[in-house]
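The structure file coords.cif is reproduced below (mmCIF, C-alpha atoms and all ligand atoms).
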```cif
data_start
loop_
_atom_site.label_atom_id
_atom_site.label_comp_id
_atom_site.auth_asym_id
_atom_site.auth_seq_id
_atom_site.Cartn_x
_atom_site.Cartn_y
_atom_site.Cartn_z
CA MET G 335 41.60 -20.97 28.05
CA SER G 336 39.85 -18.59 30.44
CA GLU G 337 36.31 -17.29 29.84
CA PRO G 338 36.10 -13.75 28.36
CA SER G 339 35.41 -11.10 31.00
CA PRO G 340 32.01 -9.31 31.07
CA ALA G 341 33.75 -6.14 29.88
CA VAL G 342 35.09 -7.92 26.80
CA LEU G 343 31.65 -9.40 26.13
CA MET G 344 30.04 -5.94 26.38
CA GLU G 345 32.54 -4.57 23.91
CA SER G 346 31.76 -7.26 21.36
CA VAL G 347 27.96 -7.05 21.82
CA THR G 348 27.31 -3.37 22.43
CA PRO G 349 28.50 -1.83 19.14
CA SER G 350 26.38 -4.13 16.98
CA PHE G 351 23.38 -3.66 19.28
CA TRP G 352 23.67 0.13 19.19
CA SER G 353 24.32 0.20 15.47
CA ALA G 354 21.14 -1.87 14.97
CA VAL G 355 19.19 0.62 17.13
CA ASN G 356 20.73 3.46 15.17
CA VAL G 357 19.73 1.93 11.84
CA SER G 358 16.17 1.21 13.01
CA LEU G 359 15.74 4.83 14.09
CA ARG G 360 17.35 6.29 10.96
CA ARG G 361 14.98 4.19 8.86
CA TRP G 362 12.05 6.20 10.24
CA PHE G 363 13.25 9.06 8.05
CA ASP G 364 15.59 7.56 5.45
CA THR G 365 14.75 4.16 3.97
CA SER G 366 18.26 3.84 2.49
CA ALA G 367 19.80 3.49 5.98
CA SER G 368 21.41 0.05 6.19
CA THR G 369 24.06 -2.02 7.93
CA GLY G 370 24.47 -4.30 4.94
CA LEU G 371 24.14 -7.87 6.23
CA GLU G 372 21.47 -8.09 8.90
CA SER G 373 20.80 -10.75 11.47
CA GLY G 374 17.18 -11.65 12.24
CA ALA G 375 16.02 -10.45 8.81
CA GLU G 376 12.77 -12.40 9.15
CA ARG G 377 11.94 -11.12 12.65
CA ILE G 378 9.79 -8.08 13.38
CA ASP G 379 11.88 -4.96 13.99
CA TRP G 380 9.72 -3.42 16.71
CA LEU G 381 11.83 -0.30 17.05
CA ARG G 382 11.62 0.62 13.38
CA THR G 383 7.93 -0.22 13.22
CA SER G 384 6.90 1.49 16.46
CA PRO G 385 5.43 4.47 14.51
CA PHE G 386 3.15 1.95 12.76
CA VAL G 387 1.98 0.66 16.15
CA ALA G 388 1.66 4.23 17.45
CA MET G 389 -0.50 5.17 14.46
CA HIS G 390 -3.02 2.52 15.58
CA LEU G 391 -2.89 3.62 19.22
CA ALA G 392 -3.41 7.26 18.18
CA CYS G 393 -6.90 6.35 16.92
CA VAL G 394 -7.97 6.04 20.56
CA ALA G 395 -7.73 9.84 20.71
CA VAL G 396 -11.22 9.98 19.14
CA PHE G 397 -12.52 9.69 22.72
CA TRP G 398 -10.80 12.95 23.65
CA VAL G 399 -11.07 15.05 20.50
CA GLY G 400 -14.72 14.25 19.76
CA VAL G 401 -16.26 14.11 16.32
CA SER G 402 -17.91 16.44 13.82
CA ARG G 403 -19.43 16.16 10.36
CA ILE G 404 -16.47 17.83 8.75
CA ALA G 405 -14.01 15.46 10.46
CA ILE G 406 -15.93 12.43 9.14
CA ALA G 407 -16.24 13.99 5.67
CA ILE G 408 -12.50 14.70 5.46
CA ALA G 409 -11.61 11.22 6.74
CA ALA G 410 -13.92 9.63 4.13
CA ALA G 411 -12.65 11.86 1.30
CA LEU G 412 -9.06 11.02 2.15
CA TYR G 413 -9.95 7.32 2.14
CA VAL G 414 -11.48 7.63 -1.35
CA VAL G 415 -8.70 9.69 -2.92
CA ARG G 416 -5.92 7.62 -1.36
CA MET G 417 -7.50 4.24 -2.09
CA PHE G 418 -7.75 5.33 -5.73
CA ALA G 419 -4.07 6.37 -5.70
CA LEU G 420 -3.09 2.99 -4.27
CA THR G 421 -5.18 0.81 -6.55
CA GLY G 422 -5.03 2.93 -9.69
CA PHE G 423 -1.40 4.02 -9.47
CA TYR G 424 0.68 2.04 -6.94
CA HIS G 425 -0.92 -1.19 -8.16
CA ARG G 426 -2.27 -0.92 -11.70
CA TYR G 427 0.27 1.65 -12.92
CA PHE G 428 3.56 1.21 -11.03
CA ALA G 429 3.35 -2.55 -10.42
CA HIS G 430 1.59 -3.64 -13.63
CA ARG G 431 1.91 -0.80 -16.17
CA THR G 432 -1.66 -1.24 -17.39
CA PHE G 433 -1.90 2.32 -18.75
CA ARG G 434 0.30 5.30 -19.54
CA THR G 435 0.47 8.80 -18.11
CA SER G 436 2.77 11.83 -17.97
CA ARG G 437 5.84 12.02 -15.75
CA ALA G 438 4.24 14.87 -13.79
CA LEU G 439 0.99 13.00 -13.05
CA GLN G 440 2.89 9.83 -12.22
CA PHE G 441 4.72 11.82 -9.53
CA VAL G 442 1.55 13.49 -8.23
CA PHE G 443 -0.14 10.12 -7.68
CA ALA G 444 3.07 8.62 -6.29
CA CYS G 445 2.97 11.39 -3.64
CA ILE G 446 -0.72 10.76 -2.85
CA GLY G 447 0.12 7.05 -2.57
CA ALA G 448 3.02 7.84 -0.23
CA SER G 449 0.61 9.72 2.06
CA CYS G 450 -0.99 6.32 2.87
CA VAL G 451 2.04 5.28 5.00
CA GLN G 452 2.49 2.18 2.84
CA ARG G 453 6.02 3.21 1.82
CA GLY G 454 7.09 4.62 -1.52
CA PRO G 455 5.83 3.52 -4.96
CA LEU G 456 9.02 1.65 -5.91
CA TRP G 457 9.08 -0.41 -2.70
CA TRP G 458 5.36 -1.15 -3.01
CA ALA G 459 5.40 -2.11 -6.69
CA ALA G 460 8.62 -4.18 -6.45
CA HIS G 461 7.19 -6.29 -3.62
CA HIS G 462 3.95 -6.69 -5.49
CA ARG G 463 5.73 -7.91 -8.64
CA ASN G 464 7.50 -10.44 -6.43
CA HIS G 465 4.11 -11.54 -5.07
CA HIS G 466 2.78 -12.22 -8.57
CA GLN G 467 5.83 -14.20 -9.63
CA HIS G 468 5.85 -16.42 -6.53
CA ALA G 469 2.21 -16.20 -5.37
CA ASP G 470 1.45 -18.63 -2.53
CA THR G 471 4.86 -20.30 -2.63
CA GLU G 472 7.69 -20.09 -0.07
CA ARG G 473 9.07 -17.07 -1.93
CA ASP G 474 5.83 -15.07 -1.78
CA PRO G 475 6.38 -12.38 0.89
CA HIS G 476 2.76 -12.54 2.09
CA SER G 477 1.02 -15.83 1.43
CA PRO G 478 -1.68 -16.83 3.94
CA ARG G 479 -1.22 -20.45 2.82
CA VAL G 480 2.50 -20.45 3.63
CA HIS G 481 2.82 -17.86 6.40
CA GLY G 482 -0.62 -17.78 8.02
CA PHE G 483 -3.29 -15.10 8.02
CA LEU G 484 -1.76 -12.58 10.44
CA TRP G 485 1.68 -12.61 8.80
CA SER G 486 0.18 -12.13 5.32
CA HIS G 487 -1.97 -9.26 6.64
CA MET G 488 0.52 -7.26 8.69
CA GLY G 489 3.64 -9.21 9.63
CA TRP G 490 5.87 -9.49 6.56
CA PHE G 491 6.61 -5.78 6.01
CA LEU G 492 7.59 -5.23 9.66
CA THR G 493 10.80 -7.26 9.16
CA PRO G 494 14.22 -6.13 7.88
CA ALA G 495 13.80 -8.63 5.01
CA GLY G 496 10.57 -6.95 3.92
CA PHE G 497 11.95 -3.45 4.39
CA ARG G 498 14.33 -2.98 1.47
CA THR G 499 13.23 -1.94 -2.01
CA ASP G 500 14.09 -4.70 -4.47
CA TRP G 501 15.58 -2.52 -7.20
CA LYS G 502 16.02 -5.40 -9.64
CA ARG G 503 12.25 -5.73 -9.89
CA ILE G 504 11.51 -2.10 -10.70
CA PRO G 505 14.20 -0.78 -13.12
CA ASP G 506 11.54 0.80 -15.37
CA PHE G 507 10.47 3.33 -12.73
CA ALA G 508 13.71 3.45 -10.70
CA ARG G 509 15.22 5.48 -13.57
CA TYR G 510 13.14 8.49 -12.47
CA GLN G 511 15.17 10.34 -9.86
CA GLU G 512 12.11 12.02 -8.32
CA LEU G 513 10.58 8.57 -7.66
CA ARG G 514 13.83 7.29 -6.12
CA TRP G 515 13.89 10.39 -3.89
CA LEU G 516 10.26 9.85 -2.85
CA ASP G 517 10.93 6.18 -2.16
CA ARG G 518 13.87 7.11 0.06
CA TYR G 519 12.11 9.84 2.07
CA ASP G 520 8.53 8.55 1.80
CA ILE G 521 7.69 9.53 5.38
CA LEU G 522 7.82 13.24 4.50
CA VAL G 523 4.46 13.05 2.71
CA PRO G 524 2.40 11.65 5.62
CA ILE G 525 4.10 14.13 7.97
CA ALA G 526 3.08 16.96 5.62
CA LEU G 527 -0.51 15.66 5.41
CA ALA G 528 -0.82 15.24 9.18
CA SER G 529 0.57 18.76 9.74
CA ALA G 530 -1.79 20.24 7.15
CA LEU G 531 -4.79 18.57 8.78
CA TYR G 532 -3.79 19.84 12.20
CA GLY G 533 -3.31 23.33 10.79
CA LEU G 534 -6.65 23.27 8.95
CA GLY G 535 -8.48 22.08 12.06
CA SER G 536 -6.88 24.81 14.15
CA LEU G 537 -7.87 27.48 11.59
CA LEU G 538 -11.45 26.21 11.45
CA ALA G 539 -11.68 26.14 15.24
CA HIS G 540 -10.69 29.81 15.23
CA TYR G 541 -12.58 31.14 12.20
CA ALA G 542 -15.56 28.75 12.00
CA PRO G 543 -16.22 27.51 15.54
CA GLY G 544 -19.74 26.45 14.48
CA LEU G 545 -18.21 23.45 12.70
CA GLY G 546 -17.22 22.02 16.06
CA THR G 547 -13.79 20.84 14.99
CA SER G 548 -10.19 21.39 16.10
CA GLY G 549 -6.62 20.64 15.07
CA GLY G 550 -6.49 17.51 17.17
CA GLN G 551 -9.82 16.29 15.82
CA LEU G 552 -8.92 16.64 12.13
CA LEU G 553 -5.51 15.10 12.80
CA THR G 554 -7.10 12.12 14.56
CA TRP G 555 -9.95 11.45 12.12
CA GLY G 556 -8.44 12.72 8.87
CA PHE G 557 -5.02 11.21 9.35
CA PHE G 558 -4.90 8.45 11.96
CA VAL G 559 -8.34 6.86 11.62
CA SER G 560 -8.55 7.27 7.84
CA THR G 561 -5.01 5.92 7.32
CA VAL G 562 -5.45 2.92 9.61
CA VAL G 563 -8.77 1.94 7.97
CA LEU G 564 -7.21 2.46 4.54
CA PHE G 565 -4.24 0.32 5.49
CA HIS G 566 -6.32 -2.63 6.73
CA ALA G 567 -8.65 -2.42 3.73
CA THR G 568 -5.66 -2.53 1.37
CA VAL G 569 -3.98 -5.54 2.94
CA THR G 570 -7.17 -7.61 2.95
CA ILE G 571 -6.19 -8.29 -0.65
CA ASN G 572 -3.02 -10.04 0.55
CA SER G 573 -4.79 -11.94 3.33
CA LEU G 574 -8.55 -12.39 2.77
CA ALA G 575 -8.55 -12.31 -1.05
CA HIS G 576 -6.27 -15.36 -1.04
CA ARG G 577 -8.64 -17.19 1.31
CA PHE G 578 -12.32 -16.26 0.85
CA GLY G 579 -14.25 -16.01 -2.40
CA THR G 580 -14.74 -17.86 -5.66
CA ARG G 581 -12.20 -19.04 -8.21
CA ARG G 582 -13.22 -18.41 -11.82
CA PHE G 583 -9.77 -19.22 -13.16
CA PRO G 584 -7.64 -22.22 -12.07
CA THR G 585 -4.55 -20.13 -11.25
CA ARG G 586 -1.53 -21.73 -9.49
CA ASP G 587 -2.13 -19.52 -6.44
CA ASP G 588 -5.11 -19.30 -4.03
CA SER G 589 -6.48 -15.97 -5.31
CA ARG G 590 -10.25 -15.41 -5.04
CA ASN G 591 -12.92 -13.13 -6.43
CA ASN G 592 -14.69 -11.48 -3.53
CA PRO G 593 -17.35 -8.80 -4.23
CA TRP G 594 -17.26 -7.36 -0.66
CA LEU G 595 -13.52 -6.83 -0.84
CA ALA G 596 -13.95 -5.38 -4.32
CA LEU G 597 -16.30 -2.72 -2.93
CA LEU G 598 -13.99 -1.96 -0.01
CA THR G 599 -10.90 -1.66 -2.20
CA PHE G 600 -12.44 -0.11 -5.31
CA GLY G 601 -12.12 -3.20 -7.51
CA GLU G 602 -9.12 -5.06 -6.13
CA GLY G 603 -11.32 -7.82 -4.70
CA TRP G 604 -11.62 -9.38 -8.18
CA HIS G 605 -8.30 -10.87 -7.29
CA ASN G 606 -8.61 -14.22 -9.07
CA ASN G 607 -9.36 -12.34 -12.30
CA HIS G 608 -6.32 -10.20 -11.60
CA HIS G 609 -3.94 -13.08 -10.90
CA PHE G 610 -5.10 -14.80 -14.07
CA PHE G 611 -4.47 -11.71 -16.20
CA PRO G 612 -2.57 -8.96 -14.32
CA GLY G 613 -1.91 -6.99 -17.51
CA SER G 614 -5.41 -5.50 -17.76
CA VAL G 615 -6.35 -2.11 -16.32
CA ARG G 616 -9.69 -3.65 -15.48
CA GLN G 617 -10.06 -6.21 -12.66
CA GLY G 618 -13.85 -6.66 -12.73
CA PHE G 619 -14.16 -8.53 -16.04
CA ARG G 620 -17.98 -8.43 -16.32
CA TRP G 621 -20.21 -5.35 -16.23
CA TRP G 622 -21.63 -6.38 -12.85
CA GLU G 623 -18.19 -6.81 -11.27
CA ILE G 624 -18.00 -3.33 -9.75
CA ASP G 625 -14.52 -1.86 -10.21
CA LEU G 626 -14.51 1.78 -9.07
CA THR G 627 -10.82 2.25 -9.87
CA TYR G 628 -11.44 1.26 -13.47
CA TYR G 629 -14.31 3.76 -13.75
CA GLY G 630 -12.05 6.45 -12.27
CA LEU G 631 -9.31 5.66 -14.76
CA ARG G 632 -11.83 5.73 -17.62
CA LEU G 633 -12.86 9.20 -16.45
CA MET G 634 -9.22 10.28 -16.32
CA ALA G 635 -8.76 8.89 -19.84
CA ALA G 636 -11.76 10.91 -21.04
CA LEU G 637 -10.05 13.99 -19.55
CA ARG G 638 -6.84 12.96 -21.40
CA LEU G 639 -4.90 12.61 -18.16
CA VAL G 640 -4.08 8.93 -18.78
CA HIS G 641 -4.04 6.88 -21.99
CA ASN G 642 -3.41 3.44 -23.52
CA LEU G 643 -5.64 1.63 -21.02
CA LYS G 644 -4.97 -2.07 -21.60
CA PRO G 645 -8.18 -4.09 -22.02
CA VAL G 646 -8.97 -7.68 -21.06
CA PRO G 647 -8.03 -9.69 -24.20
CA ALA G 648 -10.81 -11.61 -25.99
CA ARG G 649 -8.99 -14.92 -25.40
CA VAL G 650 -9.12 -14.35 -21.62
CA MET G 651 -12.85 -13.70 -21.77
CA GLN G 652 -13.29 -16.85 -23.86
CA GLN G 653 -11.28 -18.89 -21.35
CA ALA G 654 -13.68 -17.64 -18.69
CA GLY G 655 -16.50 -19.09 -20.80
CA PHE G 656 -17.90 -15.73 -21.84
CA ILE G 657 -19.27 -15.35 -25.34
CA ILE G 658 -17.54 -12.56 -27.15
CA GLN G 659 -19.72 -10.33 -29.29
CA ARG G 660 -17.90 -9.55 -32.50
CA THR G 661 -18.97 -6.91 -34.95
CA ARG G 662 -18.93 -7.92 -38.61
CA GLY G 663 -16.91 -6.24 -41.31
ZN ZN E 1 -2.47 -11.83 -4.78
ZN ZN E 2 -1.25 -7.19 -8.89
#
```
With the file now loaded, output its structure as C-alpha cells.
Amino acid sequence: MSEPSPAVLMESVTPSFWSAVNVSLRRWFDTSASTGLESGAERIDWLRTSPFVAMHLACVAVFWVGVSRIAIAIAAALYVVRMFALTGFYHRYFAHRTFRTSRALQFVFACIGASCVQRGPLWWAAHHRNHHQHADTERDPHSPRVHGFLWSHMGWFLTPAGFRTDWKRIPDFARYQELRWLDRYDILVPIALASALYGLGSLLAHYAPGLGTSGGQLLTWGFFVSTVVLFHATVTINSLAHRFGTRRFPTRDDSRNNPWLALLTFGEGWHNNHHFFPGSVRQGFRWWEIDLTYYGLRLMAALRLVHNLKPVPARVMQQAGFIIQRTRG
C-alpha cells in the first residue's frame, strides 16, 4: 500500500485542528461550546486561556497609567466586595448550602462572583463539591499532594477536562434558569465591570482632574490588578491551605488551618476545620479564629437578607476537645 499524500493528510488533520481552534475561541464567550469528545483533555488549552494570561500581563500597564488614591481605593474595595461574594456565596452558599437567601439576592451575589473571572457559580460550586468528595486523591481536580503545587494553584482549570460544568454535582442550583444563563455567559460580567471602570475613570479625568486618575488607570488598578490579586488569594486555599498550617482534625485529606490565609481570604484559611465539617457557615470555630465572611453573613442575617445560618454542631466542638458551655433548664 502506498503512503497517503500530504494533501490527504492535510484533509484529515486540518478540520479537527480548526474545529478545536474554533471551539477554544467560542469558549471565550460561550462556555457551552463543545466538540463532544476531546483529545488532550488534561493538557492546558493555551488558546482558550490566553485571556487569563493576558489579564496578568495587563497589570504591567501600571507603569504607564500611574497611580492615584482613588485607583487604590477602588481596587481595594473591589477586592473586599468580591472576596466576600466568592467566600460567602460561591463557596459557603452555592457549594455548601450553609444558609438560605432569596432567589434575587442569590443572583445578585452570583453576578458579583462572576465578576471575579473565576467562571460562573455552577461551575465553581460543582468543582468544589468534587474537591470535597475526593480531596487529595487522584480524583481531586486540584490536590498539591497528587498534582504538585503549581497545578493545584493554577493548572487544573486551564484544561478542557477542568472546563466543563459538572451538572450532576449541582442539580439543586442548576434548576434556576438565570444561574444557568450566567454560568454559560459568565464573561459578560467582567466585561461590564471593566467597561464601567474605564468609563468612570474617563469621567473623573474630565470632571475631577484633581483626583489624578483616568480611564486606563481605573481599568488597570480596579479591574486587572484587583482581579489578579483576588484570583491568587482565592486559589491559595487549593494550594497552600493543603500544605502549610496546623491540623486540628485528622481528616483524610491534607487540609490545614492557616491564620495568614484566613486573613487574606476572609476566613477560608481555617481549611482543616472546613474539611472536617463543611456544613457550617462558620469556618473559624473559636472566637479568635478570625472569619470575616462569617461576620459579614451575621450582619446580613441581622438585616434579614440571609437566614438559617448553620452553626458548628456541639459534637464537632467536643471532638475538637473544646468544652461546651450548656445552659441549664
Ligand atoms: Zn480543600
Ligand atoms: Zn468547601
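Across the structure, atom CA of Leu574 of chain G and atom CA of His468 of chain G are spaced 17.6 Å apart.
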Exercise for review: Could you give me the residues within 12 Å of ligand ZN 1 (chain E), counting only C-alpha atoms and all ligand atoms, as a PyMOL selection string?
Suggested key: chain G and resi 425+461-471+474-479+486-487+568-577+585-591+602-612
Written selection (C-alpha atoms) as a tab-separated table (two decimals), in the coordinates of the input:
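To be explicit, this is the file written out as out.tsv:
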```tsv
chain	number	residue	atom	x	y	z
G	425	HIS	CA	-0.92	-1.19	-8.16
G	461	HIS	CA	7.19	-6.29	-3.62
G	462	HIS	CA	3.95	-6.69	-5.49
G	463	ARG	CA	5.73	-7.91	-8.64
G	464	ASN	CA	7.50	-10.44	-6.43
G	465	HIS	CA	4.11	-11.54	-5.07
G	466	HIS	CA	2.78	-12.22	-8.57
G	467	GLN	CA	5.83	-14.20	-9.63
G	468	HIS	CA	5.85	-16.42	-6.53
G	469	ALA	CA	2.21	-16.20	-5.37
G	470	ASP	CA	1.45	-18.63	-2.53
G	471	THR	CA	4.86	-20.30	-2.63
G	474	ASP	CA	5.83	-15.07	-1.78
G	475	PRO	CA	6.38	-12.38	0.89
G	476	HIS	CA	2.76	-12.54	2.09
G	477	SER	CA	1.02	-15.83	1.43
G	478	PRO	CA	-1.68	-16.83	3.94
G	479	ARG	CA	-1.22	-20.45	2.82
G	486	SER	CA	0.18	-12.13	5.32
G	487	HIS	CA	-1.97	-9.26	6.64
G	568	THR	CA	-5.66	-2.53	1.37
G	569	VAL	CA	-3.98	-5.54	2.94
G	570	THR	CA	-7.17	-7.61	2.95
G	571	ILE	CA	-6.19	-8.29	-0.65
G	572	ASN	CA	-3.02	-10.04	0.55
G	573	SER	CA	-4.79	-11.94	3.33
G	574	LEU	CA	-8.55	-12.39	2.77
G	575	ALA	CA	-8.55	-12.31	-1.05
G	576	HIS	CA	-6.27	-15.36	-1.04
G	577	ARG	CA	-8.64	-17.19	1.31
G	585	THR	CA	-4.55	-20.13	-11.25
G	586	ARG	CA	-1.53	-21.73	-9.49
G	587	ASP	CA	-2.13	-19.52	-6.44
G	588	ASP	CA	-5.11	-19.30	-4.03
G	589	SER	CA	-6.48	-15.97	-5.31
G	590	ARG	CA	-10.25	-15.41	-5.04
G	591	ASN	CA	-12.92	-13.13	-6.43
G	602	GLU	CA	-9.12	-5.06	-6.13
G	603	GLY	CA	-11.32	-7.82	-4.70
G	604	TRP	CA	-11.62	-9.38	-8.18
G	605	HIS	CA	-8.30	-10.87	-7.29
G	606	ASN	CA	-8.61	-14.22	-9.07
G	607	ASN	CA	-9.36	-12.34	-12.30
G	608	HIS	CA	-6.32	-10.20	-11.60
G	609	HIS	CA	-3.94	-13.08	-10.90
G	610	PHE	CA	-5.10	-14.80	-14.07
G	611	PHE	CA	-4.47	-11.71	-16.20
G	612	PRO	CA	-2.57	-8.96	-14.32
```
Point to revise | Atomic distance atom CA of Ile624 of chain G - atom CA of Gly579 of chain G, expressed in Å with one decimal | key: 15.1 Å
Give me, as a short mmCIF file (atom, residue, chain, number, x, y, z; two decimals) with C-alpha atoms, in the coordinates of the input, all polymer residues having an atom no more than 6 Å from segment 409-414 of chain G, counting only C-alpha atoms and skipping those fewer than 3 positions away in the same chain.
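See selection-v4.cif below for the written result:
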```
data_model
loop_
_atom_site.label_atom_id
_atom_site.label_comp_id
_atom_site.auth_asym_id
_atom_site.auth_seq_id
_atom_site.Cartn_x
_atom_site.Cartn_y
_atom_site.Cartn_z
CA ILE G 406 -15.93 12.43 9.14
CA MET G 417 -7.50 4.24 -2.09
CA TRP G 555 -9.95 11.45 12.12
CA GLY G 556 -8.44 12.72 8.87
CA SER G 560 -8.55 7.27 7.84
#
```
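Taking atom CA of Arg638 of chain G and atom ZN of ligand ZN 2 (chain E) as the two end points, the separation is 24.4 Å.
Closest approach to ligand ZN 2 (chain E) among G:Ile446, G:Val401, G:Ala388, G:Ala459 is made by G:Ala459 (distances from only C-alpha atoms and all ligand atoms).
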Review point. Contacts of segment 642-654 of chain G at 7 Å or less, counting only C-alpha atoms, minus same-chain residues fewer than 3 places along, as a PyMOL selection string?
Key: chain G and resi 432-434+582-583+614-616+657-658
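With all atoms listed in the file as the basis for measurement, G:Gly613 is the residue among G:Arg360, G:Arg498, G:Ala636, G:Gly613 that approaches ligand ZN 2 (chain E) most closely.
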Would you pick out the contacts of Glu512 of chain G at 8 Å or less, using only C-alpha atoms, so that residues sharing its chain but fewer than 3 positions from it are not included, and give the list as a tab-separated table (two decimals) with C-alpha atoms, in the frame of the given file?
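Writing done, so here's around26.tsv:
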```
chain	number	residue	atom	x	y	z
G	441	PHE	CA	4.72	11.82	-9.53
G	515	TRP	CA	13.89	10.39	-3.89
G	516	LEU	CA	10.26	9.85	-2.85
```
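Using all atoms listed in the file, the nearest neighbour of ligand ZN 2 (chain E) within the list G:Val396, G:Ala407, G:Met634, G:Leu420 is G:Leu420.
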**Study point:** Contacts of Ala419 of chain G within 12 Å, all atoms listed in the file, excl. fewer than 4 positions in-chain, as a PyMOL selection string
**Key:** chain G and resi 412-415+423-428+439-450+452+455+564+568+599-600+626-628+630-631
